[in-house]
$ cat target-v5.tsv   # TSV, C-alpha atoms
chain	number	residue	atom	x	y	z
A	1	MET	CA	32.14	-46.57	59.46
A	2	ILE	CA	30.61	-49.73	60.89
A	3	ILE	CA	32.59	-52.95	60.70
A	4	PHE	CA	31.06	-56.34	61.47
A	5	TYR	CA	33.09	-59.40	62.36
A	6	ASP	CA	32.60	-63.14	62.87
A	7	LYS	CA	31.87	-64.03	66.51
A	8	LYS	CA	34.03	-67.17	66.34
A	9	THR	CA	37.09	-65.19	65.24
A	10	GLY	CA	36.38	-62.37	67.68
A	11	ASN	CA	37.41	-58.75	67.43
A	12	LYS	CA	41.13	-58.99	68.33
A	13	PRO	CA	42.44	-58.97	64.73
A	14	LEU	CA	40.09	-56.09	63.92
A	15	ILE	CA	41.08	-54.02	66.98
A	16	LYS	CA	44.74	-54.54	66.04
A	17	ALA	CA	44.03	-53.34	62.47
A	18	ILE	CA	42.14	-50.28	63.75
A	19	LYS	CA	45.13	-49.24	65.85
A	20	LYS	CA	47.58	-49.98	63.01
A	21	GLN	CA	45.61	-47.75	60.62
A	22	GLY	CA	45.45	-44.91	63.13
A	23	CYS	CA	41.66	-44.98	63.29
A	24	THR	CA	39.56	-44.25	66.36
A	25	LEU	CA	37.33	-46.93	67.89
A	26	LEU	CA	34.08	-45.15	68.73
A	27	TYR	CA	31.81	-47.96	69.93
A	28	LYS	CA	31.64	-51.74	70.28
A	29	TYR	CA	28.29	-53.28	69.29
A	30	LYS	CA	28.22	-56.50	71.29
A	31	GLU	CA	24.72	-57.48	70.15
A	32	PHE	CA	25.75	-57.26	66.49
A	33	SER	CA	29.45	-58.27	66.68
A	34	GLY	CA	30.52	-54.96	65.22
A	35	VAL	CA	32.35	-51.74	65.91
A	36	ALA	CA	32.00	-48.10	64.93
A	37	VAL	CA	35.24	-46.59	63.69
A	38	LYS	CA	36.29	-43.06	62.75
A	39	VAL	CA	38.85	-42.82	59.96
A	40	ASP	CA	41.40	-40.05	60.34
A	41	GLU	CA	40.63	-37.13	58.00
A	42	LYS	CA	43.96	-37.47	56.20
A	43	HIS	CA	43.23	-41.09	55.23
A	44	ASP	CA	41.14	-42.19	52.26
A	45	VAL	CA	37.90	-43.82	53.45
A	46	ASP	CA	37.63	-46.11	50.41
A	47	LYS	CA	41.16	-47.40	50.95
A	48	ALA	CA	40.41	-47.96	54.64
A	49	ILE	CA	37.31	-49.95	53.70
A	50	ALA	CA	39.34	-52.12	51.32
A	51	ASP	CA	42.00	-52.67	54.00
A	52	PHE	CA	39.49	-53.59	56.71
A	53	LYS	CA	37.76	-56.09	54.39
A	54	LYS	CA	41.06	-58.03	54.31
A	55	VAL	CA	41.24	-58.40	58.11
A	56	LYS	CA	40.67	-61.93	59.43
A	57	GLY	CA	37.10	-62.36	60.66
A	58	VAL	CA	35.65	-59.20	59.13
A	59	THR	CA	32.33	-59.96	57.43
A	60	SER	CA	31.35	-56.49	56.20
A	61	VAL	CA	32.44	-52.85	56.20
A	62	ASN	CA	29.95	-50.02	55.74
A	63	LYS	CA	30.35	-46.26	55.37
A	64	ASP	CA	28.55	-43.98	57.80
A	65	GLY	CA	24.84	-43.82	57.36
A	66	ILE	CA	21.55	-44.94	58.82
A	67	MET	CA	21.09	-48.69	59.07
A	68	GLN	CA	17.96	-50.53	60.15
A	69	THR	CA	17.58	-53.98	61.62
A	70	GLN	CA	14.48	-56.03	61.01

$ encode --input "target-v5.tsv" --output "structure tokens"
Amino acid sequence: MIIFYDKKTGNKPLIKAIKKQGCTLLYKYKEFSGVAVKVDEKHDVDKAIADFKKVKGVTSVNKDGIMQTQ
């Protein structure tokens, strides 16, 4: 999944939540203030999305897929 965060808050609370949930950080998108995360197969993706949306500074959480910027 792709998780975007507020630049002012930074990614520290999000990185902490990723580790706490046992997810794998795949990539940091510095240009977009976001990260790509792999959810462990034994965890429910929808629950992980709901949990990440509660993290301080997170602005959006998206499932895997193709995204375009304009």

$ axis_aligned_box --input "target-v5.tsv" --around "segment 49-54 of chain A" --padding-each-side "4 Å" --output "lines of an AutoDock Vina configuration file"
center_x = 39.7
center_y = -54.0
center_z = 54.0
size_x = 12.7
size_y = 16.1
size_z = 13.4

$ atom_distance --input "target-v5.tsv" --atom1 "atom CA of Glu31 of chain A" --atom2 "atom CA of Lys7 of chain A"
10.4 Å

$ closest_residue --input "target-v5.tsv" --among "A:Glu41, A:Asp6, A:Asp51, A:Asp46" --to "Lys63 of chain A" --atoms "only C-alpha atoms"
A:Asp46

$ closest_residue --input "target-v5.tsv" --among "A:Val55, A:Ile3, A:Leu14, A:Ala50" --to "Ala36 of chain A" --atoms "all atoms listed in the file"
A:Ile3

$ residues_around --input "target-v5.tsv" --residues "segment 18-21 of chain A" --least-positions-apart "4" --cutoff "10 Å" --atoms "only C-alpha atoms" --output "ChimeraX atom specification"
/A:12-14,25,37-40,43,48,51-52,55

$ atom_distance --input "target-v5.tsv" --atom1 "atom CA of Ser60 of chain A" --atom2 "atom CA of Lys42 of chain A"
22.8 Å

$ atom_distance --input "target-v5.tsv" --atom1 "atom CA of Val58 of chain A" --atom2 "atom CA of Thr24 of chain A"
17.1 Å

$ closest_residue --input "target-v5.tsv" --among "A:Val45, A:Lys54, A:Ser33, A:Gly22" --to "Met1 of chain A" --atoms "all atoms listed in the file"
A:Val45

$ build_atoms --input "target-v5.tsv" --residues "segment 34-48 of chain A" --atoms "N, CA, C and O atoms" --output "JSON list (two decimals), in the coordinates of the input"
[["chain", "number", "residue", "atom", "x", "y", "z"],
["A", 34, "GLY", "N", 30.01, -56.02, 66.09],
["A", 34, "GLY", "CA", 30.52, -54.96, 65.22],
["A", 34, "GLY", "C", 31.10, -53.81, 66.02],
["A", 34, "GLY", "O", 30.97, -53.75, 67.24],
["A", 35, "VAL", "N", 31.77, -52.93, 65.30],
["A", 35, "VAL", "CA", 32.35, -51.74, 65.91],
["A", 35, "VAL", "C", 32.11, -50.53, 65.02],
["A", 35, "VAL", "O", 31.98, -50.66, 63.80],
["A", 36, "ALA", "N", 32.05, -49.36, 65.66],
["A", 36, "ALA", "CA", 32.00, -48.10, 64.93],
["A", 36, "ALA", "C", 33.40, -47.51, 64.97],
["A", 36, "ALA", "O", 34.04, -47.49, 66.03],
["A", 37, "VAL", "N", 33.88, -47.08, 63.82],
["A", 37, "VAL", "CA", 35.24, -46.59, 63.69],
["A", 37, "VAL", "C", 35.24, -45.24, 62.97],
["A", 37, "VAL", "O", 34.50, -45.05, 62.01],
["A", 38, "LYS", "N", 36.10, -44.34, 63.44],
["A", 38, "LYS", "CA", 36.29, -43.06, 62.75],
["A", 38, "LYS", "C", 37.64, -43.12, 62.05],
["A", 38, "LYS", "O", 38.67, -43.40, 62.67],
["A", 39, "VAL", "N", 37.62, -42.85, 60.75],
["A", 39, "VAL", "CA", 38.85, -42.82, 59.96],
["A", 39, "VAL", "C", 39.43, -41.42, 60.04],
["A", 39, "VAL", "O", 38.70, -40.43, 59.91],
["A", 40, "ASP", "N", 40.72, -41.34, 60.27],
["A", 40, "ASP", "CA", 41.40, -40.05, 60.34],
["A", 40, "ASP", "C", 41.15, -39.27, 59.05],
["A", 40, "ASP", "O", 41.15, -39.85, 57.96],
["A", 41, "GLU", "N", 40.97, -37.97, 59.16],
["A", 41, "GLU", "CA", 40.63, -37.13, 58.00],
["A", 41, "GLU", "C", 41.67, -37.17, 56.90],
["A", 41, "GLU", "O", 41.35, -36.95, 55.73],
["A", 42, "LYS", "N", 42.92, -37.44, 57.23],
["A", 42, "LYS", "CA", 43.96, -37.47, 56.20],
["A", 42, "LYS", "C", 44.06, -38.82, 55.48],
["A", 42, "LYS", "O", 44.85, -38.97, 54.56],
["A", 43, "HIS", "N", 43.25, -39.79, 55.89],
["A", 43, "HIS", "CA", 43.23, -41.09, 55.23],
["A", 43, "HIS", "C", 42.03, -41.20, 54.29],
["A", 43, "HIS", "O", 40.98, -40.61, 54.53],
["A", 44, "ASP", "N", 42.20, -41.96, 53.24],
["A", 44, "ASP", "CA", 41.14, -42.19, 52.26],
["A", 44, "ASP", "C", 40.18, -43.26, 52.80],
["A", 44, "ASP", "O", 40.61, -44.37, 53.13],
["A", 45, "VAL", "N", 38.90, -42.92, 52.90],
["A", 45, "VAL", "CA", 37.90, -43.82, 53.45],
["A", 45, "VAL", "C", 37.77, -45.08, 52.60],
["A", 45, "VAL", "O", 37.67, -46.19, 53.14],
["A", 46, "ASP", "N", 37.78, -44.94, 51.29],
["A", 46, "ASP", "CA", 37.63, -46.11, 50.41],
["A", 46, "ASP", "C", 38.80, -47.07, 50.56],
["A", 46, "ASP", "O", 38.62, -48.28, 50.54],
["A", 47, "LYS", "N", 39.99, -46.54, 50.74],
["A", 47, "LYS", "CA", 41.16, -47.40, 50.95],
["A", 47, "LYS", "C", 41.05, -48.10, 52.30],
["A", 47, "LYS", "O", 41.36, -49.28, 52.43],
["A", 48, "ALA", "N", 40.59, -47.37, 53.31],
["A", 48, "ALA", "CA", 40.41, -47.96, 54.64],
["A", 48, "ALA", "C", 39.40, -49.09, 54.59],
["A", 48, "ALA", "O", 39.62, -50.15, 55.19]]
